[in-house]
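Enquirer: Contents of query.pdb (PDB, C-alpha atoms, pLDDT in the B column) are below:
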```pdb
ATOM      1  CA  MET A 149     -27.798 -92.376 -79.761  1.00 55.00           C
ATOM      2  CA  GLU A 150     -30.665 -90.221 -78.500  1.00 76.00           C
ATOM      3  CA  ILE A 151     -31.154 -86.793 -80.060  1.00 80.00           C
ATOM      4  CA  GLY A 152     -30.380 -85.043 -76.771  1.00 75.00           C
ATOM      5  CA  THR A 153     -27.100 -86.922 -76.374  1.00 82.00           C
ATOM      6  CA  LEU A 154     -26.176 -86.153 -79.983  1.00 88.00           C
ATOM      7  CA  ILE A 155     -26.849 -82.442 -79.401  1.00 84.00           C
ATOM      8  CA  LEU A 156     -24.572 -82.494 -76.349  1.00 87.00           C
ATOM      9  CA  HIS A 157     -21.686 -84.044 -78.284  1.00 91.00           C
ATOM     10  CA  ILE A 158     -22.071 -81.644 -81.200  1.00 90.00           C
ATOM     11  CA  ALA A 159     -22.283 -78.655 -78.845  1.00 88.00           C
ATOM     12  CA  ALA A 160     -19.173 -79.808 -76.954  1.00 90.00           C
ATOM     13  CA  GLY A 161     -17.190 -80.207 -80.172  1.00 91.00           C
ATOM     14  CA  ILE A 162     -18.269 -76.819 -81.556  1.00 88.00           C
ATOM     15  CA  ALA A 163     -17.588 -75.057 -78.250  1.00 86.00           C
ATOM     16  CA  ALA A 164     -14.123 -76.593 -77.949  1.00 88.00           C
ATOM     17  CA  PHE A 165     -13.405 -75.617 -81.562  1.00 87.00           C
ATOM     18  CA  PHE A 166     -14.222 -71.960 -80.940  1.00 80.00           C
ATOM     19  CA  GLN A 167     -12.421 -72.006 -77.582  1.00 79.00           C
ATOM     20  CA  SER A 168      -9.281 -73.139 -79.389  1.00 78.00           C
ATOM     21  CA  VAL A 169      -9.587 -70.529 -82.148  1.00 75.00           C
ATOM     22  CA  THR A 170     -10.891 -67.462 -80.332  1.00 70.00           C
ATOM     23  CA  GLY A 171     -10.515 -68.020 -76.603  1.00 68.00           C
ATOM     24  CA  ILE A 172     -14.286 -67.654 -76.046  1.00 68.00           C
ATOM     25  CA  GLY A 173     -15.225 -69.776 -73.057  1.00 67.00           C
ATOM     26  CA  PHE A 174     -16.593 -73.283 -73.476  1.00 77.00           C
ATOM     27  CA  GLY A 175     -19.227 -72.570 -70.843  1.00 77.00           C
ATOM     28  CA  MET A 176     -20.908 -69.818 -72.861  1.00 76.00           C
ATOM     29  CA  ILE A 177     -21.396 -72.022 -75.906  1.00 78.00           C
ATOM     30  CA  ALA A 178     -21.811 -75.618 -74.744  1.00 83.00           C
ATOM     31  CA  GLY A 179     -22.969 -74.925 -71.191  1.00 79.00           C
ATOM     32  CA  PRO A 180     -26.448 -73.677 -72.145  1.00 79.00           C
ATOM     33  CA  PHE A 181     -27.073 -76.722 -74.351  1.00 81.00           C
ATOM     34  CA  VAL A 182     -26.038 -79.047 -71.516  1.00 84.00           C
ATOM     35  CA  LEU A 183     -28.400 -77.127 -69.231  1.00 81.00           C
ATOM     36  CA  MET A 184     -31.322 -77.384 -71.652  1.00 79.00           C
ATOM     37  CA  VAL A 185     -30.816 -81.067 -72.510  1.00 82.00           C
ATOM     38  CA  LEU A 186     -30.154 -82.390 -68.997  1.00 82.00           C
ATOM     39  CA  ASP A 187     -32.572 -79.941 -67.329  1.00 79.00           C
ATOM     40  CA  ASP A 188     -30.599 -80.202 -64.091  1.00 83.00           C
ATOM     41  CA  PRO A 189     -28.219 -77.929 -62.135  1.00 83.00           C
ATOM     42  CA  ALA A 190     -25.618 -80.703 -62.468  1.00 85.00           C
ATOM     43  CA  ALA A 191     -25.170 -79.424 -66.027  1.00 87.00           C
ATOM     44  CA  VAL A 192     -23.200 -76.514 -64.570  1.00 88.00           C
ATOM     45  CA  VAL A 193     -20.744 -78.987 -63.035  1.00 91.00           C
ATOM     46  CA  ILE A 194     -20.334 -80.820 -66.339  1.00 91.00           C
ATOM     47  CA  SER A 195     -19.542 -77.538 -68.074  1.00 89.00           C
ATOM     48  CA  THR A 196     -17.003 -76.785 -65.335  1.00 92.00           C
ATOM     49  CA  LEU A 197     -15.220 -80.109 -65.782  1.00 93.00           C
ATOM     50  CA  MET A 198     -15.026 -79.777 -69.565  1.00 91.00           C
ATOM     51  CA  SER A 199     -13.771 -76.199 -69.342  1.00 89.00           C
ATOM     52  CA  TRP A 200     -11.152 -77.202 -66.785  1.00 91.00           C
ATOM     53  CA  MET A 201      -9.901 -79.963 -69.075  1.00 91.00           C
ATOM     54  CA  ILE A 202      -9.637 -77.557 -72.020  1.00 88.00           C
ATOM     55  CA  ALA A 203      -7.639 -75.089 -69.929  1.00 88.00           C
ATOM     56  CA  LEU A 204      -5.206 -77.805 -68.847  1.00 91.00           C
ATOM     57  CA  VAL A 205      -4.717 -78.921 -72.458  1.00 88.00           C
ATOM     58  CA  LEU A 206      -4.214 -75.429 -73.926  1.00 85.00           C
ATOM     59  CA  PHE A 207      -2.280 -73.731 -71.114  1.00 89.00           C
ATOM     60  CA  PRO A 208       1.121 -75.397 -71.732  1.00 90.00           C
ATOM     61  CA  VAL A 209       1.022 -74.131 -75.320  1.00 84.00           C
ATOM     62  CA  VAL A 210       0.481 -70.455 -74.396  1.00 83.00           C
ATOM     63  CA  ARG A 211       1.954 -70.095 -70.882  1.00 89.00           C
ATOM     64  CA  ARG A 212       4.934 -67.985 -72.033  1.00 91.00           C
ATOM     65  CA  ASP A 213       2.594 -65.156 -73.084  1.00 88.00           C
ATOM     66  CA  VAL A 214       0.674 -64.905 -69.788  1.00 90.00           C
ATOM     67  CA  ASN A 215       0.519 -61.515 -68.052  1.00 91.00           C
ATOM     68  CA  TRP A 216       0.859 -62.913 -64.555  1.00 93.00           C
ATOM     69  CA  SER A 217       0.153 -59.703 -62.641  1.00 92.00           C
ATOM     70  CA  LEU A 218      -3.188 -59.209 -64.407  1.00 91.00           C
ATOM     71  CA  THR A 219      -4.017 -62.905 -64.187  1.00 93.00           C
ATOM     72  CA  GLY A 220      -3.281 -63.027 -60.465  1.00 94.00           C
ATOM     73  CA  ARG A 221      -5.511 -60.032 -59.737  1.00 94.00           C
ATOM     74  CA  LEU A 222      -8.357 -61.490 -61.785  1.00 94.00           C
ATOM     75  CA  ILE A 223      -8.076 -64.799 -59.919  1.00 95.00           C
ATOM     76  CA  GLY A 224      -8.095 -62.914 -56.618  1.00 95.00           C
ATOM     77  CA  GLY A 225     -11.255 -61.092 -57.650  1.00 95.00           C
ATOM     78  CA  ALA A 226     -12.859 -64.351 -58.748  1.00 96.00           C
ATOM     79  CA  ALA A 227     -12.166 -65.874 -55.342  1.00 96.00           C
ATOM     80  CA  LEU A 228     -14.071 -62.979 -53.756  1.00 96.00           C
ATOM     81  CA  GLY A 229     -17.066 -63.277 -56.103  1.00 95.00           C
ATOM     82  CA  LEU A 230     -17.253 -67.067 -56.162  1.00 96.00           C
ATOM     83  CA  PRO A 231     -19.215 -67.523 -52.887  1.00 96.00           C
ATOM     84  CA  ILE A 232     -21.989 -65.314 -54.258  1.00 94.00           C
ATOM     85  CA  GLY A 233     -22.250 -67.404 -57.414  1.00 92.00           C
ATOM     86  CA  LEU A 234     -22.244 -70.655 -55.444  1.00 94.00           C
ATOM     87  CA  ALA A 235     -24.994 -69.365 -53.174  1.00 93.00           C
ATOM     88  CA  LEU A 236     -27.105 -68.543 -56.227  1.00 90.00           C
ATOM     89  CA  LEU A 237     -26.474 -72.015 -57.659  1.00 90.00           C
ATOM     90  CA  ALA A 238     -27.483 -73.675 -54.400  1.00 89.00           C
ATOM     91  CA  VAL A 239     -30.849 -71.898 -54.092  1.00 89.00           C
ATOM     92  CA  ALA A 240     -31.902 -71.514 -57.756  1.00 84.00           C
ATOM     93  CA  ASP A 241     -34.232 -73.936 -59.519  1.00 83.00           C
ATOM     94  CA  ILE A 242     -33.557 -75.095 -63.068  1.00 78.00           C
ATOM     95  CA  GLN A 243     -35.811 -72.510 -64.753  1.00 83.00           C
ATOM     96  CA  THR A 244     -34.135 -69.693 -62.818  1.00 84.00           C
ATOM     97  CA  LEU A 245     -30.711 -70.983 -63.877  1.00 82.00           C
ATOM     98  CA  LYS A 246     -31.806 -71.030 -67.513  1.00 81.00           C
ATOM     99  CA  LEU A 247     -33.220 -67.534 -67.260  1.00 86.00           C
ATOM    100  CA  GLY A 248     -30.072 -66.278 -65.544  1.00 84.00           C
ATOM    101  CA  ALA A 249     -27.844 -67.958 -68.105  1.00 80.00           C
ATOM    102  CA  GLY A 250     -29.821 -66.462 -70.989  1.00 83.00           C
ATOM    103  CA  LEU A 251     -29.694 -62.957 -69.540  1.00 87.00           C
ATOM    104  CA  ALA A 252     -26.001 -63.299 -68.677  1.00 83.00           C
ATOM    105  CA  ILE A 253     -25.034 -64.501 -72.160  1.00 79.00           C
ATOM    106  CA  ALA A 254     -27.031 -61.729 -73.819  1.00 84.00           C
ATOM    107  CA  ALA A 255     -25.457 -59.066 -71.586  1.00 82.00           C
ATOM    108  CA  LEU A 256     -21.907 -60.399 -71.864  1.00 76.00           C
ATOM    109  CA  THR A 257     -22.151 -60.789 -75.626  1.00 76.00           C
ATOM    110  CA  ALA A 258     -23.405 -57.208 -75.899  1.00 81.00           C
ATOM    111  CA  LEU A 259     -20.380 -56.093 -73.872  1.00 75.00           C
ATOM    112  CA  MET A 260     -18.118 -58.012 -76.261  1.00 69.00           C
ATOM    113  CA  VAL A 261     -19.678 -56.240 -79.238  1.00 75.00           C
ATOM    114  CA  PHE A 262     -20.152 -52.711 -77.917  1.00 76.00           C
ATOM    115  CA  GLY A 263     -17.741 -52.478 -75.002  1.00 67.00           C
ATOM    116  CA  ALA A 264     -18.534 -50.837 -71.668  1.00 64.00           C
ATOM    117  CA  PRO A 265     -17.500 -47.546 -70.034  1.00 63.00           C
ATOM    118  CA  GLY A 266     -14.642 -47.849 -67.572  1.00 61.00           C
ATOM    119  CA  THR A 267     -13.353 -51.245 -68.687  1.00 63.00           C
ATOM    120  CA  ASP A 268     -10.172 -49.658 -70.073  1.00 62.00           C
ATOM    121  CA  ARG A 269      -9.114 -47.910 -66.851  1.00 71.00           C
ATOM    122  CA  PRO A 270      -6.068 -49.775 -65.510  1.00 72.00           C
ATOM    123  CA  GLY A 271      -5.670 -50.514 -61.829  1.00 76.00           C
ATOM    124  CA  LEU A 272      -6.289 -53.039 -59.082  1.00 80.00           C
ATOM    125  CA  PRO A 273      -9.946 -52.048 -58.377  1.00 82.00           C
ATOM    126  CA  GLY A 274     -11.019 -52.681 -61.973  1.00 81.00           C
ATOM    127  CA  ASP A 275      -9.190 -56.017 -62.126  1.00 88.00           C
ATOM    128  CA  LEU A 276     -10.821 -57.156 -58.887  1.00 91.00           C
ATOM    129  CA  ILE A 277     -14.278 -56.033 -60.013  1.00 89.00           C
ATOM    130  CA  PHE A 278     -14.161 -57.840 -63.352  1.00 88.00           C
ATOM    131  CA  GLY A 279     -12.506 -60.870 -61.772  1.00 92.00           C
ATOM    132  CA  GLY A 280     -15.191 -60.803 -59.067  1.00 93.00           C
ATOM    133  CA  LEU A 281     -17.960 -60.795 -61.665  1.00 89.00           C
ATOM    134  CA  GLY A 282     -16.210 -63.760 -63.261  1.00 90.00           C
ATOM    135  CA  GLY A 283     -16.352 -65.535 -59.912  1.00 93.00           C
ATOM    136  CA  VAL A 284     -20.092 -64.877 -59.592  1.00 92.00           C
ATOM    137  CA  PHE A 285     -20.828 -66.104 -63.114  1.00 88.00           C
ATOM    138  CA  GLY A 286     -18.393 -68.998 -62.680  1.00 90.00           C
ATOM    139  CA  GLY A 287     -19.964 -70.285 -59.496  1.00 91.00           C
ATOM    140  CA  ALA A 288     -23.558 -69.948 -60.663  1.00 88.00           C
ATOM    141  CA  LEU A 289     -23.277 -70.728 -64.371  1.00 85.00           C
ATOM    142  CA  ALA A 290     -19.722 -72.015 -65.087  1.00 87.00           C
ATOM    143  CA  MET A 291     -18.969 -68.843 -67.092  1.00 85.00           C
ATOM    144  CA  PRO A 292     -16.020 -67.096 -65.385  1.00 88.00           C
ATOM    145  CA  GLY A 293     -14.201 -66.086 -68.551  1.00 81.00           C
ATOM    146  CA  PRO A 294     -16.161 -63.395 -70.431  1.00 80.00           C
ATOM    147  CA  THR A 295     -15.827 -60.553 -67.923  1.00 81.00           C
ATOM    148  CA  ALA A 296     -12.133 -61.324 -67.417  1.00 83.00           C
ATOM    149  CA  ALA A 297     -11.554 -61.439 -71.178  1.00 79.00           C
ATOM    150  CA  ILE A 298     -13.436 -58.168 -71.652  1.00 78.00           C
ATOM    151  CA  ARG A 299     -11.188 -56.566 -69.037  1.00 82.00           C
ATOM    152  CA  ALA A 300      -7.950 -57.900 -70.551  1.00 80.00           C
ATOM    153  CA  SER A 301      -8.947 -56.856 -74.070  1.00 75.00           C
ATOM    154  CA  ALA A 302     -10.079 -53.368 -72.980  1.00 76.00           C
ATOM    155  CA  LEU A 303      -6.701 -52.732 -71.353  1.00 79.00           C
ATOM    156  CA  GLY A 304      -5.099 -52.999 -74.778  1.00 76.00           C
ATOM    157  CA  HIS A 305      -3.152 -56.215 -74.349  1.00 75.00           C
ATOM    158  CA  PRO A 306      -2.208 -58.061 -77.571  1.00 76.00           C
ATOM    159  CA  LYS A 307      -4.402 -60.940 -78.688  1.00 74.00           C
ATOM    160  CA  THR A 308      -1.773 -63.516 -77.727  1.00 77.00           C
ATOM    161  CA  THR A 309      -1.483 -62.051 -74.226  1.00 83.00           C
ATOM    162  CA  VAL A 310      -5.246 -61.966 -73.745  1.00 80.00           C
ATOM    163  CA  ARG A 311      -5.673 -65.583 -74.809  1.00 79.00           C
ATOM    164  CA  ALA A 312      -2.733 -66.821 -72.728  1.00 84.00           C
ATOM    165  CA  SER A 313      -3.793 -64.821 -69.671  1.00 88.00           C
ATOM    166  CA  MET A 314      -7.295 -66.263 -69.918  1.00 86.00           C
ATOM    167  CA  MET A 315      -5.861 -69.785 -69.956  1.00 87.00           C
ATOM    168  CA  GLY A 316      -3.834 -68.914 -66.854  1.00 91.00           C
ATOM    169  CA  PHE A 317      -6.961 -67.468 -65.257  1.00 93.00           C
ATOM    170  CA  PHE A 318      -8.920 -70.634 -66.056  1.00 92.00           C
ATOM    171  CA  VAL A 319      -6.222 -72.936 -64.672  1.00 93.00           C
ATOM    172  CA  GLY A 320      -6.367 -70.993 -61.416  1.00 94.00           C
ATOM    173  CA  VAL A 321     -10.111 -70.483 -61.129  1.00 95.00           C
ATOM    174  CA  TRP A 322     -11.655 -73.776 -62.330  1.00 94.00           C
ATOM    175  CA  PRO A 323     -10.395 -75.869 -59.379  1.00 95.00           C
ATOM    176  CA  MET A 324     -11.940 -73.325 -56.979  1.00 95.00           C
ATOM    177  CA  ILE A 325     -15.224 -73.373 -58.870  1.00 95.00           C
ATOM    178  CA  PHE A 326     -15.350 -77.174 -59.004  1.00 95.00           C
ATOM    179  CA  ALA A 327     -14.626 -77.521 -55.284  1.00 95.00           C
ATOM    180  CA  GLY A 328     -17.246 -74.899 -54.480  1.00 94.00           C
ATOM    181  CA  GLN A 329     -19.876 -76.590 -56.640  1.00 92.00           C
ATOM    182  CA  TRP A 330     -19.129 -79.901 -54.938  1.00 92.00           C
ATOM    183  CA  ILE A 331     -19.858 -78.281 -51.583  1.00 91.00           C
ATOM    184  CA  ALA A 332     -22.871 -76.268 -52.790  1.00 89.00           C
ATOM    185  CA  ILE A 333     -24.862 -78.894 -54.701  1.00 88.00           C
ATOM    186  CA  GLY A 334     -22.880 -82.119 -54.527  1.00 86.00           C
ATOM    187  CA  ILE A 335     -21.500 -84.161 -57.425  1.00 88.00           C
ATOM    188  CA  THR A 336     -22.914 -87.576 -58.314  1.00 89.00           C
ATOM    189  CA  GLN A 337     -21.284 -90.432 -60.170  1.00 91.00           C
ATOM    190  CA  GLU A 338     -23.785 -89.897 -62.991  1.00 90.00           C
ATOM    191  CA  THR A 339     -22.577 -86.318 -63.401  1.00 90.00           C
ATOM    192  CA  LEU A 340     -18.969 -87.497 -63.683  1.00 92.00           C
ATOM    193  CA  TRP A 341     -19.921 -90.138 -66.260  1.00 92.00           C
ATOM    194  CA  ASN A 342     -21.879 -87.577 -68.305  1.00 89.00           C
ATOM    195  CA  ALA A 343     -18.836 -85.313 -68.312  1.00 92.00           C
ATOM    196  CA  ALA A 344     -16.505 -88.170 -69.277  1.00 93.00           C
ATOM    197  CA  ALA A 345     -18.767 -89.043 -72.214  1.00 92.00           C
ATOM    198  CA  LEU A 346     -18.167 -85.574 -73.703  1.00 93.00           C
ATOM    199  CA  VAL A 347     -14.355 -85.817 -73.570  1.00 94.00           C
ATOM    200  CA  PRO A 348     -13.860 -87.321 -77.076  1.00 94.00           C
ATOM    201  CA  ALA A 349     -16.032 -84.692 -78.783  1.00 93.00           C
ATOM    202  CA  THR A 350     -14.313 -81.921 -76.807  1.00 93.00           C
ATOM    203  CA  LEU A 351     -10.812 -83.115 -77.709  1.00 93.00           C
ATOM    204  CA  ALA A 352     -11.827 -83.481 -81.346  1.00 93.00           C
ATOM    205  CA  GLY A 353     -13.100 -79.903 -81.379  1.00 91.00           C
ATOM    206  CA  LEU A 354      -9.831 -78.679 -79.864  1.00 89.00           C
ATOM    207  CA  ALA A 355      -7.781 -80.518 -82.460  1.00 88.00           C
ATOM    208  CA  VAL A 356      -9.783 -79.150 -85.396  1.00 89.00           C
ATOM    209  CA  GLY A 357      -9.702 -75.672 -83.879  1.00 83.00           C
ATOM    210  CA  ASN A 358      -5.915 -75.726 -83.572  1.00 78.00           C
ATOM    211  CA  TYR A 359      -5.672 -76.744 -87.218  1.00 80.00           C
ATOM    212  CA  ALA A 360      -8.094 -74.035 -88.378  1.00 77.00           C
ATOM    213  CA  ALA A 361      -6.696 -71.224 -86.221  1.00 69.00           C
ATOM    214  CA  SER A 362      -3.832 -70.389 -88.555  1.00 69.00           C
ATOM    215  CA  ARG A 363      -5.873 -70.790 -91.743  1.00 75.00           C
ATOM    216  CA  VAL A 364      -8.986 -68.667 -91.195  1.00 69.00           C
ATOM    217  CA  SER A 365      -9.099 -65.229 -89.601  1.00 71.00           C
ATOM    218  CA  GLU A 366     -10.008 -65.019 -85.943  1.00 64.00           C
ATOM    219  CA  GLY A 367     -12.265 -62.075 -86.764  1.00 70.00           C
ATOM    220  CA  PHE A 368     -14.473 -64.292 -88.919  1.00 73.00           C
ATOM    221  CA  PHE A 369     -14.762 -66.922 -86.214  1.00 66.00           C
ATOM    222  CA  ARG A 370     -15.484 -64.276 -83.575  1.00 68.00           C
ATOM    223  CA  ARG A 371     -18.397 -62.924 -85.640  1.00 76.00           C
ATOM    224  CA  VAL A 372     -19.799 -66.424 -85.961  1.00 73.00           C
ATOM    225  CA  VAL A 373     -19.446 -66.927 -82.213  1.00 69.00           C
ATOM    226  CA  ILE A 374     -21.308 -63.694 -81.460  1.00 76.00           C
ATOM    227  CA  VAL A 375     -24.226 -64.754 -83.663  1.00 79.00           C
ATOM    228  CA  LEU A 376     -24.216 -68.184 -82.017  1.00 73.00           C
ATOM    229  CA  LEU A 377     -24.165 -66.662 -78.527  1.00 73.00           C
ATOM    230  CA  PHE A 378     -27.103 -64.356 -79.210  1.00 80.00           C
ATOM    231  CA  ALA A 379     -29.045 -67.295 -80.674  1.00 78.00           C
ATOM    232  CA  THR A 380     -28.172 -69.366 -77.596  1.00 76.00           C
ATOM    233  CA  ALA A 381     -29.364 -66.575 -75.285  1.00 81.00           C
ATOM    234  CA  ILE A 382     -32.695 -66.368 -77.100  1.00 84.00           C
ATOM    235  CA  SER A 383     -33.122 -70.159 -76.936  1.00 78.00           C
ATOM    236  CA  LEU A 384     -32.361 -70.233 -73.206  1.00 76.00           C
ATOM    237  CA  LEU A 385     -34.723 -67.370 -72.428  1.00 83.00           C
ATOM    238  CA  GLY A 386     -37.479 -68.950 -74.482  1.00 81.00           C
ATOM    239  CA  ASP A 387     -36.955 -72.333 -72.833  1.00 76.00           C
ATOM    240  CA  ALA A 388     -36.947 -70.762 -69.353  1.00 77.00           C
ATOM    241  CA  ILE A 389     -40.108 -68.742 -69.955  1.00 80.00           C
ATOM    242  CA  LEU A 390     -42.055 -71.527 -71.662  1.00 74.00           C
ATOM    243  CA  GLY A 391     -40.828 -74.110 -69.154  1.00 66.00           C
ATOM    244  CA  GLY A 392     -41.853 -71.865 -66.273  1.00 57.00           C
ATOM    245  CA  ARG A 393     -45.332 -71.456 -67.712  1.00 57.00           C
ATOM    246  CA  GLY A 394     -45.610 -75.191 -68.170  1.00 52.00           C
ATOM    247  CA  GLN A 395     -44.971 -75.728 -64.460  1.00 54.00           C
ATOM    248  CA  THR A 396     -47.717 -73.333 -63.351  1.00 50.00           C
TER     249      THR A 396
END
```
Output the file's structure in the form of C-alpha cells.
Expert:
Amino acid sequence: MEIGTLILHIAAGIAAFFQSVTGIGFGMIAGPFVLMVLDDPAAVVISTLMSWMIALVLFPVVRRDVNWSLTGRLIGGAALGLPIGLALLAVADIQTLKLGAGLAIAALTALMVFGAPGTDRPGLPGDLIFGGLGGVFGGALAMPGPTAAIRASALGHPKTTVRASMMGFFVGVWPMIFAGQWIAIGITQETLWNAAALVPATLAGLAVGNYAASRVSEGFFRRVVIVLLFATAISLLGDAILGGRGQT
C-alpha cells in the first residue's frame, strides 16, 4: 500500500472516530487529507460521499432527539447558500481549494473555541444565515456542518439535541450537495472507487468511536480535535502556498 493511500485510510478512520464521539464533521478532519493526497477537486466529492454514509449510519440511533424546527431552517438556509459554494468549486483550481479549506478550517475552529457575537440570538434570520454559510462551505469544500453546529450550540440546546440535529441536517443536506457537485464538476468512476475504498476504515472508526464515547469524556476528545484541526489548517495553508510557488 502506497504511503498516500495509507494516510487516506488512517485519516478516514480517525475522522469517523471523532465524528462518532463528538459530532465534529468528517469533512473538516479527513477532507483536507484527501485533498492534499489526491491533489484534485474530486477529493471534495469523496469527502461528501463518506460524510453522507456516516450520517445515514448514525441518524437512526439519534433521530428521537432531533430539533426538527431548527434542523429544517438550517437545511433551508443551506439550500440557499449551496449554489454559491458549487460555483466556487467549479471555477477554483486545486491550490485555491487548499487555501480556502485551510482558511475556512482555521476560522471555523476559532469560532468553536472562542464563539462569535450574535450566534446566540434565536430566530429565523440567524438560522438561515448559519445554514446558508453551511451550504457555501458544503458545496465548495464538503464542510456544511461547523457553522450549523456552532449555531445549534450557541442557542443553548443540550449536547444530545445538537448532535442529533446535526445528523438530521446532514441527512437532508448531503444529497443536495452530492447532486450539485455532480452537476458542477462531474463524478468519475475513479472517484466512486476511491470513495468505496475508504468505507472499511470509516466504518471501523465509527465502531471504535461508539465504543469509546461512553468511556472517555467528550471534552477531552473535543480538545484533541481542536488541536488536530488547527494543525490541519496549517498543513493545508503551507501546502497551498508552497504548491502555488512551485507552479510559478
Enquirer: Tell me, in Å to one decimal, how far atom CA of A:Ile232 is from atom CA of A:Leu156.
Expert: 28.1 Å
Enquirer: Pick from A:Leu390, A:Leu230, A:Ile194, A:Leu247: nearest to A:Ala344, with only C-alpha atoms counted?
Expert: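 The closest residue to A:Ala344 is A:Ile194.
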Enquirer: What is the atom CA of A:Ser217-atom CA of A:Arg311 distance in Å, reported with one decimal?
Expert: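 Atom-to-atom, atom CA of A:Ser217 and atom CA of A:Arg311 are spaced 14.7 Å apart.
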Enquirer: Which residue gives the smallest distance to A:Leu245 among A:Ala178, A:Leu183, A:Ala163, A:Met315, with all atoms listed in the file counted?
Expert: A:Leu183
Enquirer: Run the PyMOL selection byres ((chain A and resi 176) around 12) on the file and write out the hits as a PDB file with C-alpha atoms, in the coordinates of the input.
Expert:
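Produced file result_8.pdb, reproduced below:
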```
ATOM      1  CA  ALA A 159     -22.283 -78.655 -78.845  1.00 88.00           C
ATOM      2  CA  ALA A 160     -19.173 -79.808 -76.954  1.00 90.00           C
ATOM      3  CA  ILE A 162     -18.269 -76.819 -81.556  1.00 88.00           C
ATOM      4  CA  ALA A 163     -17.588 -75.057 -78.250  1.00 86.00           C
ATOM      5  CA  ALA A 164     -14.123 -76.593 -77.949  1.00 88.00           C
ATOM      6  CA  PHE A 166     -14.222 -71.960 -80.940  1.00 80.00           C
ATOM      7  CA  GLN A 167     -12.421 -72.006 -77.582  1.00 79.00           C
ATOM      8  CA  GLY A 171     -10.515 -68.020 -76.603  1.00 68.00           C
ATOM      9  CA  ILE A 172     -14.286 -67.654 -76.046  1.00 68.00           C
ATOM     10  CA  GLY A 173     -15.225 -69.776 -73.057  1.00 67.00           C
ATOM     11  CA  PHE A 174     -16.593 -73.283 -73.476  1.00 77.00           C
ATOM     12  CA  GLY A 175     -19.227 -72.570 -70.843  1.00 77.00           C
ATOM     13  CA  ILE A 177     -21.396 -72.022 -75.906  1.00 78.00           C
ATOM     14  CA  ALA A 178     -21.811 -75.618 -74.744  1.00 83.00           C
ATOM     15  CA  GLY A 179     -22.969 -74.925 -71.191  1.00 79.00           C
ATOM     16  CA  PRO A 180     -26.448 -73.677 -72.145  1.00 79.00           C
ATOM     17  CA  PHE A 181     -27.073 -76.722 -74.351  1.00 81.00           C
ATOM     18  CA  VAL A 182     -26.038 -79.047 -71.516  1.00 84.00           C
ATOM     19  CA  LEU A 183     -28.400 -77.127 -69.231  1.00 81.00           C
ATOM     20  CA  VAL A 192     -23.200 -76.514 -64.570  1.00 88.00           C
ATOM     21  CA  SER A 195     -19.542 -77.538 -68.074  1.00 89.00           C
ATOM     22  CA  THR A 196     -17.003 -76.785 -65.335  1.00 92.00           C
ATOM     23  CA  SER A 199     -13.771 -76.199 -69.342  1.00 89.00           C
ATOM     24  CA  ALA A 249     -27.844 -67.958 -68.105  1.00 80.00           C
ATOM     25  CA  GLY A 250     -29.821 -66.462 -70.989  1.00 83.00           C
ATOM     26  CA  LEU A 251     -29.694 -62.957 -69.540  1.00 87.00           C
ATOM     27  CA  ALA A 252     -26.001 -63.299 -68.677  1.00 83.00           C
ATOM     28  CA  ILE A 253     -25.034 -64.501 -72.160  1.00 79.00           C
ATOM     29  CA  ALA A 254     -27.031 -61.729 -73.819  1.00 84.00           C
ATOM     30  CA  ALA A 255     -25.457 -59.066 -71.586  1.00 82.00           C
ATOM     31  CA  LEU A 256     -21.907 -60.399 -71.864  1.00 76.00           C
ATOM     32  CA  THR A 257     -22.151 -60.789 -75.626  1.00 76.00           C
ATOM     33  CA  PHE A 285     -20.828 -66.104 -63.114  1.00 88.00           C
ATOM     34  CA  GLY A 286     -18.393 -68.998 -62.680  1.00 90.00           C
ATOM     35  CA  LEU A 289     -23.277 -70.728 -64.371  1.00 85.00           C
ATOM     36  CA  ALA A 290     -19.722 -72.015 -65.087  1.00 87.00           C
ATOM     37  CA  MET A 291     -18.969 -68.843 -67.092  1.00 85.00           C
ATOM     38  CA  PRO A 292     -16.020 -67.096 -65.385  1.00 88.00           C
ATOM     39  CA  GLY A 293     -14.201 -66.086 -68.551  1.00 81.00           C
ATOM     40  CA  PRO A 294     -16.161 -63.395 -70.431  1.00 80.00           C
ATOM     41  CA  THR A 295     -15.827 -60.553 -67.923  1.00 81.00           C
ATOM     42  CA  VAL A 373     -19.446 -66.927 -82.213  1.00 69.00           C
ATOM     43  CA  ILE A 374     -21.308 -63.694 -81.460  1.00 76.00           C
ATOM     44  CA  LEU A 376     -24.216 -68.184 -82.017  1.00 73.00           C
ATOM     45  CA  LEU A 377     -24.165 -66.662 -78.527  1.00 73.00           C
ATOM     46  CA  PHE A 378     -27.103 -64.356 -79.210  1.00 80.00           C
ATOM     47  CA  ALA A 379     -29.045 -67.295 -80.674  1.00 78.00           C
ATOM     48  CA  THR A 380     -28.172 -69.366 -77.596  1.00 76.00           C
ATOM     49  CA  ALA A 381     -29.364 -66.575 -75.285  1.00 81.00           C
ATOM     50  CA  LEU A 384     -32.361 -70.233 -73.206  1.00 76.00           C
TER      51      LEU A 384
END
```
Enquirer: Tell me, in Å to one decimal, how far atom CA of A:Glu338 is from atom CA of A:Ala226.
Expert: 28.1 Å
Enquirer: Select, from A:Leu228, A:Ala343, A:Leu218, A:Val185, the residue with the minimum atom-to-atom distance to A:Ala297, counting all atoms listed in the file.
Expert: A:Leu218
Enquirer: Which residues, protein or nucleic acid, reach to within 12 Å of (-9.6, -55.1, -69.7) in the file's coordinates when using only C-alpha atoms, and can you give that as a ChimeraX atom specification?
Expert: /A:218-219,221-222,259-260,263-279,293-307,309-310,313-314
